[in-house]
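Next up, target_29.cif (mmCIF, C-alpha atoms):
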data_target
loop_
_atom_site.label_atom_id
_atom_site.label_comp_id
_atom_site.auth_asym_id
_atom_site.auth_seq_id
_atom_site.Cartn_x
_atom_site.Cartn_y
_atom_site.Cartn_z
CA MET U 1 42.89 -24.50 20.58
CA LYS U 2 40.40 -27.20 19.54
CA TYR U 3 37.83 -25.69 21.96
CA PHE U 4 38.43 -22.24 20.48
CA MET U 5 38.06 -23.45 16.88
CA THR U 6 34.83 -25.28 17.69
CA HIS U 7 33.25 -22.17 19.17
CA TYR U 8 34.68 -20.04 16.35
CA ARG U 9 32.94 -22.26 13.77
CA THR U 10 29.73 -22.11 15.82
CA LEU U 11 29.90 -18.31 15.87
CA LEU U 12 30.52 -18.17 12.11
CA THR U 13 27.55 -20.46 11.51
CA ALA U 14 25.33 -18.29 13.69
CA LEU U 15 26.44 -15.15 11.85
CA LEU U 16 25.81 -16.81 8.50
CA LEU U 17 22.33 -17.87 9.58
CA LEU U 18 21.67 -14.38 10.87
CA SER U 19 22.78 -12.90 7.54
CA LEU U 20 20.56 -15.28 5.58
CA SER U 21 17.68 -14.60 7.93
CA ALA U 22 18.10 -10.84 7.56
CA CYS U 23 18.12 -11.15 3.74
CA ALA U 24 15.07 -13.42 3.55
CA PRO U 25 11.74 -11.64 3.08
CA VAL U 26 9.78 -11.44 6.31
CA LYS U 27 6.23 -12.79 6.23
CA TRP U 28 3.57 -10.80 8.07
CA ASP U 29 0.14 -11.41 9.49
CA ALA U 30 -2.77 -9.33 10.78
CA VAL U 31 -4.39 -10.96 13.80
CA LEU U 32 -7.55 -9.60 15.35
CA GLY U 33 -7.72 -9.37 19.13
CA GLU U 34 -10.33 -8.49 21.76
CA PRO U 35 -13.05 -11.02 20.82
CA ALA U 36 -16.50 -10.26 22.16
CA GLN U 37 -20.07 -11.26 21.34
CA LEU U 38 -21.61 -7.87 20.61
CA SER U 39 -24.27 -6.85 18.09
CA TRP U 40 -26.66 -3.98 17.30
CA PRO U 41 -29.51 -3.31 17.66
CA PRO U 42 -30.17 -5.32 20.83
CA THR U 43 -32.16 -8.54 20.59
CA PRO U 44 -34.87 -9.44 19.71
CA ASN U 45 -34.43 -6.94 16.85
CA PRO U 46 -32.89 -8.26 13.62
CA LYS U 47 -29.10 -7.97 13.77
CA LYS U 48 -27.62 -5.14 11.68
CA VAL U 49 -24.04 -4.91 13.00
CA ALA U 50 -21.83 -7.45 14.82
CA TYR U 51 -18.39 -6.91 16.35
CA LEU U 52 -15.50 -8.97 14.92
CA GLY U 53 -12.36 -7.67 16.64
CA GLY U 54 -9.60 -5.09 16.80
CA LEU U 55 -6.35 -4.76 14.86
CA HIS U 56 -3.44 -3.12 16.69
CA GLN U 57 -0.46 -4.13 14.57
CA PHE U 58 0.92 -6.19 11.72
CA THR U 59 3.22 -8.87 13.11
CA PRO U 60 6.01 -11.01 11.63
CA VAL U 61 5.05 -14.67 11.31
CA GLY U 62 7.13 -16.97 13.51
CA ARG U 63 10.47 -16.08 15.10
CA SER U 64 13.52 -15.72 12.91
CA LEU U 65 17.07 -15.60 14.25
CA SER U 66 17.13 -11.84 13.71
CA THR U 67 13.97 -11.29 15.76
CA ILE U 68 15.34 -13.51 18.52
CA ILE U 69 18.50 -11.40 18.70
CA PHE U 70 17.14 -7.94 17.91
CA GLY U 71 13.52 -8.25 19.03
CA GLN U 72 10.27 -7.77 17.11
CA ASN U 73 10.04 -5.15 14.38
CA PRO U 74 7.97 -2.21 15.69
CA ALA U 75 7.19 -0.95 12.17
CA GLY U 76 3.85 -2.75 12.05
CA MET U 77 2.39 -1.10 15.15
CA ILE U 78 -0.57 1.21 14.50
CA VAL U 79 -0.12 4.55 16.27
CA LYS U 80 -2.70 7.09 15.06
CA PRO U 81 -4.92 5.67 12.30
CA VAL U 82 -7.01 8.27 10.49
CA ALA U 83 -8.10 6.49 7.29
CA ILE U 84 -8.37 2.97 5.95
CA ALA U 85 -9.13 1.28 2.64
CA VAL U 86 -9.48 -2.40 1.73
CA GLY U 87 -8.98 -3.70 -1.81
CA ASN U 88 -11.08 -6.31 -3.59
CA ASP U 89 -8.48 -8.97 -2.78
CA GLY U 90 -8.40 -8.08 0.93
CA ARG U 91 -5.29 -5.91 0.83
CA MET U 92 -5.30 -3.10 3.35
CA ALA U 93 -3.95 0.44 3.57
CA ILE U 94 -4.05 2.48 6.78
CA ALA U 95 -3.04 6.14 6.88
CA ASP U 96 -1.18 6.59 10.18
CA ALA U 97 -0.72 10.22 11.21
CA GLY U 98 1.43 9.12 14.14
CA LYS U 99 3.97 7.53 11.82
CA ARG U 100 3.60 9.93 8.90
CA GLY U 101 3.14 6.89 6.72
CA VAL U 102 0.73 4.31 5.35
CA HIS U 103 0.60 0.68 6.50
CA PHE U 104 0.34 -1.43 3.32
CA TYR U 105 -0.55 -5.11 3.75
CA ILE U 106 -1.33 -7.88 1.23
CA PRO U 107 -2.65 -10.96 3.09
CA SER U 108 -2.34 -13.36 0.12
CA GLN U 109 1.42 -12.64 0.02
CA GLN U 110 1.85 -12.03 3.76
CA LYS U 111 3.55 -8.83 2.65
CA TYR U 112 3.75 -5.69 4.76
CA VAL U 113 5.54 -2.39 4.29
CA LEU U 114 5.24 1.04 5.87
CA LEU U 115 5.11 3.55 3.03
CA SER U 116 6.78 6.78 4.16
CA LYS U 117 8.03 8.25 0.87
CA ALA U 118 6.41 9.09 -2.46
CA GLY U 119 9.20 9.51 -4.97
CA GLU U 120 11.40 12.29 -3.59
CA ASP U 121 8.75 13.45 -1.12
CA ASP U 122 8.61 12.31 2.49
CA LEU U 123 4.98 11.84 3.48
CA LEU U 124 4.07 14.52 6.02
CA SER U 125 0.35 14.18 6.62
CA PRO U 126 -1.25 11.20 4.86
CA VAL U 127 -4.94 11.61 5.66
CA SER U 128 -6.84 9.43 3.20
CA VAL U 129 -6.28 6.22 1.21
CA MET U 130 -8.16 4.36 -1.50
CA PHE U 131 -7.60 1.52 -3.99
CA ASP U 132 -8.66 1.89 -7.61
CA SER U 133 -10.01 -0.86 -9.88
CA ASN U 134 -6.45 -1.95 -10.74
CA LEU U 135 -5.48 -2.18 -7.05
CA ASN U 136 -3.28 0.88 -7.32
CA LEU U 137 -3.10 2.70 -4.00
CA LEU U 138 -4.04 6.38 -3.85
CA ILE U 139 -2.83 8.51 -0.91
CA SER U 140 -3.73 12.14 -0.20
CA ASP U 141 -1.27 14.22 1.84
CA SER U 142 -2.84 17.39 3.21
CA MET U 143 0.44 19.16 4.05
CA LEU U 144 2.13 18.36 0.74
CA ALA U 145 -1.14 19.23 -1.08
CA LYS U 146 -0.75 16.23 -3.38
CA VAL U 147 -2.38 12.91 -4.20
CA PHE U 148 0.10 10.08 -4.83
CA VAL U 149 -0.33 6.83 -6.76
CA PHE U 150 1.44 3.58 -5.82
CA GLY U 151 1.32 0.35 -7.80
CA GLU U 152 -0.27 -2.86 -6.60
CA ASP U 153 3.14 -3.97 -5.29
CA GLY U 154 3.54 -0.77 -3.24
CA SER U 155 6.01 0.92 -5.59
CA TYR U 156 5.62 4.63 -6.25
CA ILE U 157 4.20 5.60 -9.66
CA LYS U 158 3.23 9.27 -9.86
CA GLU U 159 1.41 12.22 -8.31
CA ILE U 160 -2.00 13.57 -9.28
CA LEU U 161 -2.52 17.33 -9.35
CA PRO U 162 -5.21 19.58 -10.81
CA PRO U 163 -4.31 22.51 -13.08
CA GLN U 164 -2.91 25.57 -11.30
CA SER U 165 -6.22 27.38 -11.65
CA HIS U 166 -7.79 24.70 -9.43
CA ALA U 167 -4.70 23.85 -7.36
CA PHE U 168 -5.03 21.85 -4.16
CA ALA U 169 -4.76 23.78 -0.90
CA ARG U 170 -5.49 21.04 1.65
CA PRO U 171 -6.62 17.79 0.02
CA THR U 172 -8.18 15.43 2.53
CA GLY U 173 -10.80 12.77 1.79
CA ILE U 174 -10.64 10.74 -1.42
CA THR U 175 -12.90 8.13 -2.96
CA TYR U 176 -12.84 6.08 -6.14
CA GLN U 177 -16.02 5.33 -8.05
CA GLU U 178 -15.89 2.10 -10.03
CA SER U 179 -18.15 2.52 -13.04
CA ASP U 180 -17.93 2.64 -16.82
CA GLU U 181 -15.96 5.85 -16.45
CA ASN U 182 -14.04 5.24 -13.18
CA ARG U 183 -13.62 8.53 -11.36
CA LEU U 184 -11.41 9.76 -8.51
CA TYR U 185 -12.89 12.40 -6.17
CA VAL U 186 -10.67 14.53 -3.95
CA VAL U 187 -12.04 16.78 -1.18
CA ASP U 188 -10.18 20.01 -0.48
CA SER U 189 -11.07 21.16 3.03
CA LYS U 190 -9.49 24.60 2.71
CA ILE U 191 -11.14 25.77 -0.49
CA ASN U 192 -14.42 23.89 0.13
CA GLN U 193 -14.30 22.08 -3.17
CA VAL U 194 -14.26 18.59 -4.68
CA SER U 195 -12.08 17.84 -7.71
CA ILE U 196 -12.90 15.01 -10.13
CA PHE U 197 -10.24 13.10 -12.10
CA ASN U 198 -10.49 10.31 -14.66
CA ASN U 199 -8.88 6.89 -14.36
CA GLN U 200 -5.58 8.23 -15.74
CA GLY U 201 -5.44 11.02 -13.17
CA GLN U 202 -6.45 13.76 -15.60
CA TYR U 203 -8.45 16.62 -14.11
CA LEU U 204 -12.07 16.85 -15.30
CA ARG U 205 -13.95 19.36 -13.18
CA SER U 206 -14.63 20.68 -9.67
CA PHE U 207 -17.75 21.42 -7.69
CA GLY U 208 -18.59 23.16 -4.42
CA LYS U 209 -17.99 26.52 -2.80
CA ARG U 210 -18.11 27.86 0.73
CA GLY U 211 -21.61 28.47 2.04
CA ILE U 212 -24.60 27.00 3.81
CA GLY U 213 -26.97 26.46 0.89
CA HIS U 214 -27.75 23.28 -0.99
CA GLY U 215 -24.49 22.02 -2.50
CA ASP U 216 -22.36 24.54 -0.61
CA LEU U 217 -19.62 23.26 1.68
CA ASN U 218 -17.92 24.40 4.87
CA ILE U 219 -14.70 22.51 5.61
CA PRO U 220 -15.67 19.16 4.07
CA THR U 221 -13.36 16.39 5.22
CA HIS U 222 -14.50 12.90 4.16
CA ILE U 223 -16.16 11.44 1.08
CA ALA U 224 -17.59 8.11 -0.03
CA SER U 225 -19.04 6.58 -3.19
CA GLY U 226 -22.17 4.46 -2.99
CA ALA U 227 -23.09 1.39 -5.04
CA ASP U 228 -25.76 3.58 -6.63
CA GLY U 229 -23.08 5.91 -7.99
CA LYS U 230 -23.98 8.75 -5.66
CA ILE U 231 -21.29 10.73 -3.87
CA TYR U 232 -21.60 11.29 -0.10
CA ILE U 233 -19.69 14.11 1.60
CA ASN U 234 -19.19 14.96 5.26
CA ASP U 235 -19.85 18.72 5.26
CA ALA U 236 -18.20 18.98 8.66
CA MET U 237 -18.65 22.59 9.78
CA ASN U 238 -22.16 22.76 8.36
CA PHE U 239 -22.80 19.74 10.62
CA ARG U 240 -24.46 17.73 7.89
CA ALA U 241 -23.89 15.16 5.17
CA GLN U 242 -24.67 15.94 1.54
CA VAL U 243 -25.41 13.66 -1.40
CA PHE U 244 -24.42 14.47 -4.99
CA THR U 245 -24.63 12.94 -8.45
CA PRO U 246 -21.37 11.63 -9.98
CA LYS U 247 -21.03 14.99 -11.78
CA GLY U 248 -21.41 16.96 -8.54
CA ASP U 249 -25.04 18.06 -8.74
CA PHE U 250 -26.80 18.37 -5.37
CA ILE U 251 -29.35 15.67 -4.50
CA ALA U 252 -30.06 15.78 -0.76
CA MET U 253 -28.68 16.56 2.69
CA PHE U 254 -29.34 15.52 6.29
CA GLY U 255 -28.13 16.26 9.81
CA HIS U 256 -27.74 19.32 12.01
CA HIS U 257 -25.66 20.55 14.94
CA GLY U 258 -26.58 19.08 18.32
CA ASP U 259 -25.71 16.56 21.01
CA GLY U 260 -28.55 14.08 20.62
CA SER U 261 -28.85 10.83 18.67
CA GLY U 262 -28.53 11.55 14.96
CA ASP U 263 -27.01 15.01 15.57
CA PHE U 264 -23.52 16.06 14.52
CA ALA U 265 -20.89 17.73 16.68
CA MET U 266 -17.63 16.70 15.00
CA PRO U 267 -18.49 14.33 12.15
CA LYS U 268 -15.59 12.53 10.46
CA GLY U 269 -15.55 9.41 8.29
CA ILE U 270 -18.49 8.51 6.06
CA ALA U 271 -19.31 5.23 4.31
CA VAL U 272 -22.28 3.62 2.53
CA ASP U 273 -23.24 -0.06 2.38
CA ARG U 274 -24.89 -1.87 -0.53
CA GLN U 275 -28.38 -1.26 0.86
CA GLY U 276 -27.72 2.50 0.94
CA THR U 277 -27.38 2.73 4.74
CA ILE U 278 -25.05 5.63 5.57
CA TYR U 279 -22.45 5.42 8.35
CA VAL U 280 -20.91 8.52 9.94
CA ALA U 281 -18.17 8.52 12.58
CA GLU U 282 -18.93 11.11 15.26
CA MET U 283 -15.65 11.97 16.95
CA LEU U 284 -17.04 13.88 19.94
CA PHE U 285 -19.73 11.28 20.67
CA ASP U 286 -17.23 8.39 20.27
CA THR U 287 -19.68 6.46 18.15
CA VAL U 288 -20.66 5.50 14.61
CA GLN U 289 -24.17 6.64 13.64
CA LEU U 290 -26.29 4.85 11.05
CA PHE U 291 -28.78 6.63 8.78
CA SER U 292 -31.29 5.36 6.24
CA PRO U 293 -30.84 6.18 2.53
CA GLN U 294 -33.28 9.02 3.17
CA GLY U 295 -31.11 10.41 5.99
CA ASP U 296 -33.27 9.24 8.91
CA TYR U 297 -31.35 8.26 12.05
CA LEU U 298 -31.40 4.50 12.70
CA LEU U 299 -29.03 3.62 15.53
CA SER U 300 -25.57 4.16 17.00
CA VAL U 301 -22.74 1.65 17.38
CA GLY U 302 -20.20 1.95 20.17
CA SER U 303 -19.53 4.31 23.05
CA LYS U 304 -16.60 6.02 24.75
CA GLY U 305 -13.96 3.68 26.16
CA LYS U 306 -11.08 1.33 25.40
CA GLY U 307 -12.87 -2.02 25.29
CA PRO U 308 -14.36 -3.94 22.36
CA ALA U 309 -16.66 -1.71 20.26
CA GLU U 310 -15.72 1.31 22.37
CA PHE U 311 -14.05 4.30 20.76
CA TRP U 312 -11.78 7.21 21.54
CA MET U 313 -12.24 9.82 18.81
CA PRO U 314 -13.01 7.58 15.81
CA SER U 315 -12.30 9.04 12.37
CA GLY U 316 -12.02 7.18 9.04
CA LEU U 317 -14.53 4.52 7.94
CA PHE U 318 -14.54 1.96 5.14
CA ILE U 319 -16.89 -0.83 4.01
CA ASP U 320 -15.37 -3.65 1.92
CA ARG U 321 -17.02 -5.94 -0.62
CA ASP U 322 -17.61 -8.57 2.10
CA ASN U 323 -19.74 -6.01 3.93
CA LYS U 324 -17.29 -5.48 6.76
CA LEU U 325 -17.11 -2.05 8.39
CA TYR U 326 -13.64 -0.82 9.38
CA VAL U 327 -13.40 2.00 11.94
CA CYS U 328 -10.23 3.98 12.64
CA ASP U 329 -10.33 4.11 16.44
CA THR U 330 -7.74 6.86 16.33
CA TYR U 331 -6.67 7.45 19.92
CA ASN U 332 -7.09 3.83 20.94
CA GLN U 333 -4.43 3.10 18.30
CA ARG U 334 -6.37 0.39 16.49
CA ILE U 335 -8.78 -0.53 13.73
CA GLN U 336 -12.08 -2.03 14.88
CA ILE U 337 -13.93 -4.30 12.47
CA PHE U 338 -17.65 -5.11 12.31
CA GLN U 339 -19.79 -7.38 10.14
CA LEU U 340 -22.78 -5.71 8.52
CA TYR U 341 -26.02 -7.58 7.88
CA GLY U 342 -29.05 -7.08 5.69
CA ALA U 343 -32.23 -5.38 6.80
CA THR U 344 -33.81 -8.70 7.80
CA GLY U 345 -30.76 -9.90 9.73
CA GLY U 346 -29.41 -13.42 9.94
CA GLY U 347 -26.76 -13.23 7.22
CA LYS U 348 -24.83 -11.18 4.74
CA PRO U 349 -26.92 -9.43 2.07
#

Let me see whether you can do it: turn the structure in this file into structure tokens.
Amino acid sequence: MKYFMTHYRTLLTALLLLSLSACAPVKWDAVLGEPAQLSWPPTPNPKKVAYLGGLHQFTPVGRSLSTIIFGQNPAGMIVKPVAIAVGNDGRMAIADAGKRGVHFYIPSQQKYVLLSKAGEDDLLSPVSVMFDSNLNLLISDSMLAKVFVFGEDGSYIKEILPPQSHAFARPTGITYQESDENRLYVVDSKINQVSIFNNQGQYLRSFGKRGIGHGDLNIPTHIASGADGKIYINDAMNFRAQVFTPKGDFIAMFGHHGDGSGDFAMPKGIAVDRQGTIYVAEMLFDTVQLFSPQGDYLLSVGSKGKGPAEFWMPSGLFIDRDNKLYVCDTYNQRIQIFQLYGATGGGKP
């Protein structure tokens, strides 16, 4: 009887610890793997891009009693990343088509959550993410034809929709321009248009129509805002990138269909660094191509494969305020991260 009572108390203690462990908030970390000393262009040229590592998952810190018994939580594994954004405090959002959700991570709090609902809506096809100046998270869902807003703590706030006369059909790429006015830009791939909203989510205007002329669009997919205030759009099926003023007036374009360096076959993500260098993910070439502010081809980063700085159908791109380039290496199920350097090399600009 004494033996039984001793083990009974031990079991109760274990169950109590398990209950407390399950109730305690789990702390998370994002650890980069696959270290390698790689940079572009090759020496002795000044370094423009250097490889930092790959992110495959968000992992619980340490081993709690619940993880010992039930195993690691698979929620933080990245399955099919298509878009990424990084906030000014280092927080990260990754749209994961494979999970129909968005990985939301705040490193300062070691907080992670997989966002899979927006109010009453289940996310179906989250394809783009962006943080605004207040660290609210914006998510576009192409199948639901909505843009959702989440607070800085990851709680759902509202949806953003244009008036019915300019209703979304298939919203895809989004970007947020931090300026005196603060504007949200939403690409609609189906109606070949870009809608502009103010900081409160109120519709202002749209620009673009289907065509091949200056300012026309043909299935645009991705969009970025430069430090100069210009808007950069991947005009995918016209096999080019176009540059616009903040109001949507055409400025310039570059690129054409082909299979050589600087050509486009299936362009995806687009991003711009502080020097005005333009980065375009080329899905069929499994590379990221760099262009000058004038649209001249500079160099390519990466090649087809599964190793460090190799890609398998890359898509979304993002450049943070620390001049790091994030690449959604979609079918390798990871985010690859690179440090960008100034034109003279040797350090951050």

- Query: What does the distance between CA of Gln333 (chain U) and CA of Val31 (chain U) come to in Å, to one decimal place?
  - Reply: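 CA of Val31 (chain U) lies at a distance of 14.8 Å from CA of Gln333 (chain U).
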
Convert the output of the PyMOL selection byres ((chain U and resi 259) around 12) on the shown file into explicit residues, formatted as a compact mmCIF listing (two decimals) with C-alpha atoms, keeping the file's coordinate frame.
# COMPACT_ATOMS: atom_id res chain seq x y z
CA PHE U 239 -22.80 19.74 10.62
CA GLY U 255 -28.13 16.26 9.81
CA HIS U 256 -27.74 19.32 12.01
CA HIS U 257 -25.66 20.55 14.94
CA GLY U 258 -26.58 19.08 18.32
CA GLY U 260 -28.55 14.08 20.62
CA SER U 261 -28.85 10.83 18.67
CA GLY U 262 -28.53 11.55 14.96
CA ASP U 263 -27.01 15.01 15.57
CA PHE U 264 -23.52 16.06 14.52
CA ALA U 265 -20.89 17.73 16.68
CA MET U 266 -17.63 16.70 15.00
CA PRO U 267 -18.49 14.33 12.15
CA GLU U 282 -18.93 11.11 15.26
CA MET U 283 -15.65 11.97 16.95
CA LEU U 284 -17.04 13.88 19.94
CA PHE U 285 -19.73 11.28 20.67
CA ASP U 286 -17.23 8.39 20.27

- Message: Measuring between only C-alpha atoms, which one of U:Ser128, U:Gln164, U:Gln109, U:Ser133 shows the shortest distance to Arg183 (chain U)?
- Response: U:Ser133

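Note that CA of Glu120 (chain U) and CA of Leu161 (chain U) are 15.9 Å apart.
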
- Given the choices U:Leu138, U:Leu32, U:Met253, U:Ala97, which gets closest to Asp296 (chain U) if the distance is worked out from only C-alpha atoms?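 Smallest distance to Asp296 (chain U) is found for U:Met253.
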
Please evaluate the PyMOL selection byres ((chain U and resi 175) around 9) against the displayed coordinates and give the resulting residues as a CSV table (one decimal) with C-alpha atoms, keeping the file's coordinate frame.
chain,number,residue,atom,x,y,z
U,128,SER,CA,-6.8,9.4,3.2
U,129,VAL,CA,-6.3,6.2,1.2
U,130,MET,CA,-8.2,4.4,-1.5
U,131,PHE,CA,-7.6,1.5,-4.0
U,132,ASP,CA,-8.7,1.9,-7.6
U,173,GLY,CA,-10.8,12.8,1.8
U,174,ILE,CA,-10.6,10.7,-1.4
U,176,TYR,CA,-12.8,6.1,-6.1
U,177,GLN,CA,-16.0,5.3,-8.0
U,183,ARG,CA,-13.6,8.5,-11.4
U,184,LEU,CA,-11.4,9.8,-8.5
U,185,TYR,CA,-12.9,12.4,-6.2
U,186,VAL,CA,-10.7,14.5,-4.0
U,187,VAL,CA,-12.0,16.8,-1.2
U,222,HIS,CA,-14.5,12.9,4.2
U,223,ILE,CA,-16.2,11.4,1.1
U,224,ALA,CA,-17.6,8.1,0.0
U,225,SER,CA,-19.0,6.6,-3.2
U,231,ILE,CA,-21.3,10.7,-3.9

- Message: Need the shell around Ala281 (chain U): protein/DNA/RNA residues with any atom at most 8 Å away, counting only C-alpha atoms. Skip same-chain ones fewer than 6 positions apart. Format as a list in words?
- Response: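 Returned residues: Pro267, Lys268, Gly269, Ile270, Thr287, Val288, Gln289, Pro314, Ser315, Gly316 and Leu317 of chain U.
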
- Message: So the first atom is CA of Lys111 (chain U) and the second is CA of Gly76 (chain U); what is the distance between them in Å, to one decimal place?
- Response: 11.2 Å

Any chance you could build region 32-44 of chain U out to N, CA and C atoms and write it as an mmCIF file, keeping the file's coordinate frame?
data_model
loop_
_atom_site.group_PDB
_atom_site.id
_atom_site.type_symbol
_atom_site.label_atom_id
_atom_site.label_comp_id
_atom_site.auth_asym_id
_atom_site.auth_seq_id
_atom_site.Cartn_x
_atom_site.Cartn_y
_atom_site.Cartn_z
ATOM 1 N N LEU U 32 -6.592 -10.371 14.588
ATOM 2 C CA LEU U 32 -7.550 -9.600 15.350
ATOM 3 C C LEU U 32 -7.562 -10.046 16.806
ATOM 4 N N GLY U 33 -7.634 -9.077 17.715
ATOM 5 C CA GLY U 33 -7.720 -9.370 19.130
ATOM 6 C C GLY U 33 -9.046 -8.906 19.711
ATOM 7 N N GLU U 34 -9.171 -8.994 21.009
ATOM 8 C CA GLU U 34 -10.330 -8.490 21.760
ATOM 9 C C GLU U 34 -11.652 -9.096 21.288
ATOM 10 N N PRO U 35 -11.775 -10.423 21.240
ATOM 11 C CA PRO U 35 -13.050 -11.020 20.820
ATOM 12 C C PRO U 35 -14.156 -10.718 21.816
ATOM 13 N N ALA U 36 -15.338 -10.528 21.303
ATOM 14 C CA ALA U 36 -16.500 -10.260 22.160
ATOM 15 C C ALA U 36 -17.763 -10.508 21.349
ATOM 16 N N GLN U 37 -18.790 -11.020 21.997
ATOM 17 C CA GLN U 37 -20.070 -11.260 21.340
ATOM 18 C C GLN U 37 -20.944 -10.022 21.512
ATOM 19 N N LEU U 38 -20.861 -9.118 20.545
ATOM 20 C CA LEU U 38 -21.610 -7.870 20.610
ATOM 21 C C LEU U 38 -22.303 -7.629 19.277
ATOM 22 N N SER U 39 -23.549 -7.150 19.318
ATOM 23 C CA SER U 39 -24.270 -6.850 18.090
ATOM 24 C C SER U 39 -25.276 -5.737 18.339
ATOM 25 N N TRP U 40 -25.722 -5.109 17.229
ATOM 26 C CA TRP U 40 -26.660 -3.980 17.300
ATOM 27 C C TRP U 40 -27.687 -4.165 16.189
ATOM 28 N N PRO U 41 -28.936 -3.753 16.395
ATOM 29 C CA PRO U 41 -29.510 -3.310 17.660
ATOM 30 C C PRO U 41 -29.670 -4.486 18.618
ATOM 31 N N PRO U 42 -30.045 -4.232 19.863
ATOM 32 C CA PRO U 42 -30.170 -5.320 20.830
ATOM 33 C C PRO U 42 -31.283 -6.287 20.442
ATOM 34 N N THR U 43 -31.113 -7.551 20.833
ATOM 35 C CA THR U 43 -32.160 -8.540 20.590
ATOM 36 C C THR U 43 -33.439 -8.109 21.317
ATOM 37 N N PRO U 44 -34.604 -8.482 20.800
ATOM 38 C CA PRO U 44 -34.870 -9.440 19.710
ATOM 39 C C PRO U 44 -34.913 -8.808 18.321
#
